[in-house]
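*Asks:* Next up is a structure, given as structure tokens.
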Amino acid sequence: MNSAIVRDLVVTALIGKTDAAARVYSPRDWPTAEEMYPLILVQTPFEEKNSLGLAAPQFNTVTTVRITGRLQALDGTVENDGAQKAETALERLREQVERAVINSTDLTRQIQQFVRVRSTIDVNSGGEGHTAQLLMELDIEYYQGPEDFYPITATPLAGIDITTVMPDGTTEPLATIDLPQ
């Protein structure tokens with residue numbers, strides 16, 4: 001298990017489960033256009049490993065999965081309600097994302113816990129319509145053990161020579177063991 005696997009599991013959990021439908025991207029360039037909306041972008045910008053001891057490489061690892069949802073809402077013909085529509089749509093998207101990820105069996109059976117979920121929403125009226133963005137970060141904890149790391153490259157042991165120190169005048173026993181390659 002690693003951050004890339006966690007990211008892929010989150011992407012799989014989101015596809016088809018939100019208003020963004022199949023427009024869930026990771027990785028991709030961040031610039032987006034209104035004809036693509038609504039969409040979701042997923043990345044894993046942070047990872048923290050906490051050691052479980054000195055013997056073997058074992059960690060409780062926390063990966064932060066950043067989910068960015070973007071959409072646009074236009075004002076109605078009678079009212080200037082684009083901002084309200086955008087914010088309502090973002091709130092719906094936030095709930096859909098939480099449910100899709102937290103209820104993903106494929107993800108939850110491979111992790112230890114969701115440590116923290118943070119989210120913010122922002123609505124901007126600087127363009128033709130009201131563009132809105134959801135920024136959600138999920139801290140996901142999982143175990144990493146020796147099996148998750150590459151094997152250590154070492155020189156193979158070819159044989160062992162054993163000599164026992166004996167008192168003066170005594171023959172020193174010697175053993176040589178050649179190991180099969």
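Identifiers in the structure tokens: chain A, B, ... in order shown; residue index from 1 per chain; ligand index from 1 in order shown.
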Could you give me, as an MDAnalysis selection string, the residues within 12 Å of Glu95 (chain A), counting only C-alpha atoms and dropping anything in the same chain fewer than 6 positions from it?
*Replies:* chainID A and resid 14 17:19 69 88:89 101:103 117 119 134 136
*Asks:* Please dump the current selection as a short mmCIF file (atom, residue, chain, number, x, y, z; two decimals), in the first residue's frame; keep C-alpha atoms.
*Replies:*
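The file below, result.cif, is the result:
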data_model
loop_
_atom_site.label_atom_id
_atom_site.label_comp_id
_atom_site.auth_asym_id
_atom_site.auth_seq_id
_atom_site.Cartn_x
_atom_site.Cartn_y
_atom_site.Cartn_z
CA LEU A 14 -15.73 8.66 -6.99
CA LYS A 17 -21.03 8.41 -7.67
CA THR A 18 -21.25 12.23 -7.83
CA ASP A 19 -22.67 14.96 -10.05
CA GLY A 69 -14.48 19.78 -7.11
CA THR A 88 -25.96 24.61 -3.01
CA ALA A 89 -24.41 22.48 -5.75
CA VAL A 101 -15.11 7.70 -0.44
CA ILE A 102 -16.05 6.76 3.12
CA ASN A 103 -18.43 4.01 1.92
CA VAL A 117 -11.70 15.19 6.85
CA SER A 119 -13.36 20.85 3.48
CA LEU A 134 -14.77 22.53 -3.22
CA MET A 136 -11.60 18.57 0.55
#
*Asks:* Tell me, as a ChimeraX atom specification, which residues lie within 12 Å of Tyr142 (chain A), counting only C-alpha atoms; anything in the same chain fewer than 4 positions away does not count.
*Replies:* /A:1-3,5-6,47-50,58-64,107-115,148
*Asks:* Keeping only N, CA and C atoms, take the residues you just selected and write them out as a JSON list (two decimals), in the first residue's frame.
*Replies:*
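As a result, selection_7.json now contains:
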[["chain", "number", "residue", "atom", "x", "y", "z"],
["A", 1, "MET", "N", 0.85, -1.17, 0.00],
["A", 1, "MET", "CA", 0.00, 0.00, 0.00],
["A", 1, "MET", "C", 0.89, 1.23, 0.00],
["A", 2, "ASN", "N", 0.53, 2.23, -0.81],
["A", 2, "ASN", "CA", 1.25, 3.50, -0.83],
["A", 2, "ASN", "C", 0.29, 4.60, -1.29],
["A", 3, "SER", "N", 0.80, 5.82, -1.37],
["A", 3, "SER", "CA", -0.06, 6.97, -1.72],
["A", 3, "SER", "C", -0.71, 6.83, -3.09],
["A", 5, "ILE", "N", -1.60, 4.08, -4.63],
["A", 5, "ILE", "CA", -2.69, 3.10, -4.53],
["A", 5, "ILE", "C", -3.90, 3.74, -3.85],
["A", 6, "VAL", "N", -3.66, 4.49, -2.78],
["A", 6, "VAL", "CA", -4.77, 5.19, -2.09],
["A", 6, "VAL", "C", -5.46, 6.14, -3.06],
["A", 47, "GLU", "N", 2.35, 13.09, 2.66],
["A", 47, "GLU", "CA", 2.43, 11.76, 3.24],
["A", 47, "GLU", "C", 3.32, 11.85, 4.48],
["A", 48, "GLU", "N", 2.90, 11.21, 5.55],
["A", 48, "GLU", "CA", 3.68, 11.21, 6.79],
["A", 48, "GLU", "C", 3.76, 9.78, 7.31],
["A", 49, "LYS", "N", 4.98, 9.33, 7.63],
["A", 49, "LYS", "CA", 5.19, 7.99, 8.16],
["A", 49, "LYS", "C", 5.59, 8.09, 9.63],
["A", 50, "ASN", "N", 4.95, 7.29, 10.49],
["A", 50, "ASN", "CA", 5.28, 7.22, 11.91],
["A", 50, "ASN", "C", 5.77, 5.80, 12.19],
["A", 58, "GLN", "N", 8.48, -0.63, 9.66],
["A", 58, "GLN", "CA", 7.05, -0.69, 9.84],
["A", 58, "GLN", "C", 6.55, 0.70, 10.20],
["A", 59, "PHE", "N", 5.49, 1.13, 9.52],
["A", 59, "PHE", "CA", 5.00, 2.49, 9.71],
["A", 59, "PHE", "C", 3.48, 2.52, 9.72],
["A", 60, "ASN", "N", 2.93, 3.43, 10.49],
["A", 60, "ASN", "CA", 1.57, 3.89, 10.28],
["A", 60, "ASN", "C", 1.73, 5.11, 9.39],
["A", 61, "THR", "N", 1.25, 5.03, 8.19],
["A", 61, "THR", "CA", 1.42, 6.09, 7.21],
["A", 61, "THR", "C", 0.10, 6.82, 7.03],
["A", 62, "VAL", "N", 0.17, 8.15, 6.99],
["A", 62, "VAL", "CA", -1.02, 8.97, 6.75],
["A", 62, "VAL", "C", -0.80, 9.72, 5.44],
["A", 63, "THR", "N", -1.66, 9.46, 4.48],
["A", 63, "THR", "CA", -1.64, 10.15, 3.20],
["A", 63, "THR", "C", -2.80, 11.14, 3.16],
["A", 64, "THR", "N", -2.49, 12.36, 2.79],
["A", 64, "THR", "CA", -3.55, 13.36, 2.61],
["A", 64, "THR", "C", -4.00, 13.31, 1.16],
["A", 107, "LEU", "N", -11.63, 0.63, -0.64],
["A", 107, "LEU", "CA", -10.70, 1.49, 0.08],
["A", 107, "LEU", "C", -10.67, 1.14, 1.57],
["A", 108, "THR", "N", -11.82, 1.08, 2.20],
["A", 108, "THR", "CA", -11.86, 0.92, 3.66],
["A", 108, "THR", "C", -11.31, -0.42, 4.13],
["A", 109, "ARG", "N", -11.34, -1.45, 3.31],
["A", 109, "ARG", "CA", -10.79, -2.73, 3.75],
["A", 109, "ARG", "C", -9.26, -2.75, 3.70],
["A", 110, "GLN", "N", -8.64, -1.75, 3.05],
["A", 110, "GLN", "CA", -7.19, -1.71, 2.94],
["A", 110, "GLN", "C", -6.55, -0.64, 3.83],
["A", 111, "ILE", "N", -7.35, 0.14, 4.52],
["A", 111, "ILE", "CA", -6.79, 1.21, 5.36],
["A", 111, "ILE", "C", -7.14, 0.94, 6.82],
["A", 112, "GLN", "N", -6.51, 1.71, 7.72],
["A", 112, "GLN", "CA", -6.83, 1.59, 9.13],
["A", 112, "GLN", "C", -7.97, 2.53, 9.53],
["A", 113, "GLN", "N", -7.89, 3.79, 9.06],
["A", 113, "GLN", "CA", -8.93, 4.74, 9.43],
["A", 113, "GLN", "C", -8.83, 6.01, 8.59],
["A", 114, "PHE", "N", -9.93, 6.76, 8.62],
["A", 114, "PHE", "CA", -9.93, 8.14, 8.12],
["A", 114, "PHE", "C", -9.61, 8.99, 9.35],
["A", 115, "VAL", "N", -8.42, 9.55, 9.39],
["A", 115, "VAL", "CA", -7.99, 10.31, 10.56],
["A", 115, "VAL", "C", -8.74, 11.63, 10.65],
["A", 148, "ASP", "N", 6.25, -3.73, 1.85],
["A", 148, "ASP", "CA", 5.98, -2.55, 1.03],
["A", 148, "ASP", "C", 7.25, -1.86, 0.52]]
*Asks:* Run DSSP on the backbone and tell me which residues of chain A come out as alpha helix (DSSP H); list them as a ChimeraX atom specification.
*Replies:* /A:3-14,82-102,105-108
*Asks:* Based on the selection just made, write C-alpha atoms of those residues as a JSON list (two decimals), in the first residue's frame.
*Replies:*
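File written: part_9.json
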[["chain", "number", "residue", "atom", "x", "y", "z"],
["A", 3, "SER", "CA", -0.06, 6.97, -1.72],
["A", 4, "ALA", "CA", -0.53, 6.12, -5.40],
["A", 5, "ILE", "CA", -2.69, 3.10, -4.53],
["A", 6, "VAL", "CA", -4.77, 5.19, -2.09],
["A", 7, "ARG", "CA", -5.25, 7.87, -4.78],
["A", 8, "ASP", "CA", -6.35, 5.28, -7.35],
["A", 9, "LEU", "CA", -8.83, 3.75, -4.88],
["A", 10, "VAL", "CA", -10.31, 7.19, -4.16],
["A", 11, "VAL", "CA", -10.64, 7.95, -7.88],
["A", 12, "THR", "CA", -12.37, 4.60, -8.46],
["A", 13, "ALA", "CA", -14.70, 5.28, -5.52],
["A", 14, "LEU", "CA", -15.73, 8.66, -6.99],
["A", 82, "GLY", "CA", -26.13, 32.03, -9.49],
["A", 83, "ALA", "CA", -24.12, 32.24, -6.27],
["A", 84, "GLN", "CA", -26.86, 30.49, -4.33],
["A", 85, "LYS", "CA", -27.12, 27.74, -6.97],
["A", 86, "ALA", "CA", -23.33, 27.30, -7.00],
["A", 87, "GLU", "CA", -23.04, 27.05, -3.23],
["A", 88, "THR", "CA", -25.96, 24.61, -3.01],
["A", 89, "ALA", "CA", -24.41, 22.48, -5.75],
["A", 90, "LEU", "CA", -21.04, 22.49, -3.93],
["A", 91, "GLU", "CA", -22.67, 21.40, -0.68],
["A", 92, "ARG", "CA", -24.36, 18.54, -2.54],
["A", 93, "LEU", "CA", -21.06, 17.62, -4.21],
["A", 94, "ARG", "CA", -19.26, 17.66, -0.84],
["A", 95, "GLU", "CA", -21.77, 15.22, 0.64],
["A", 96, "GLN", "CA", -21.59, 12.98, -2.44],
["A", 97, "VAL", "CA", -17.78, 12.88, -2.27],
["A", 98, "GLU", "CA", -17.79, 12.05, 1.46],
["A", 99, "ARG", "CA", -20.29, 9.25, 1.00],
["A", 100, "ALA", "CA", -18.56, 7.79, -2.04],
["A", 101, "VAL", "CA", -15.11, 7.70, -0.44],
["A", 102, "ILE", "CA", -16.05, 6.76, 3.12],
["A", 105, "THR", "CA", -15.43, -1.08, 0.47],
["A", 106, "ASP", "CA", -12.34, -1.43, -1.72],
["A", 107, "LEU", "CA", -10.70, 1.49, 0.08],
["A", 108, "THR", "CA", -11.86, 0.92, 3.66]]
*Asks:* Taking only chain A into account, list the residues labelled strand (DSSP E or B) by DSSP (computed from the backbone), as a PyMOL selection string.
*Replies:* chain A and resi 24-25+39-51+59-73+113-124+130-144+159-163+174-178
*Asks:* Figure out the distance between CA of Arg70 (chain A) and CA of Glu34 (chain A), please, to one decimal in Å.
*Replies:*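 Taking CA of Glu34 (chain A) and CA of Arg70 (chain A), their separation equals 8.9 Å.
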*Asks:* By how many Å are CA of Ile177 (chain A) and CA of Asp161 (chain A) apart?
*Replies:*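 Atom-to-atom, CA of Ile177 (chain A) and CA of Asp161 (chain A) are spaced 6.4 Å apart.
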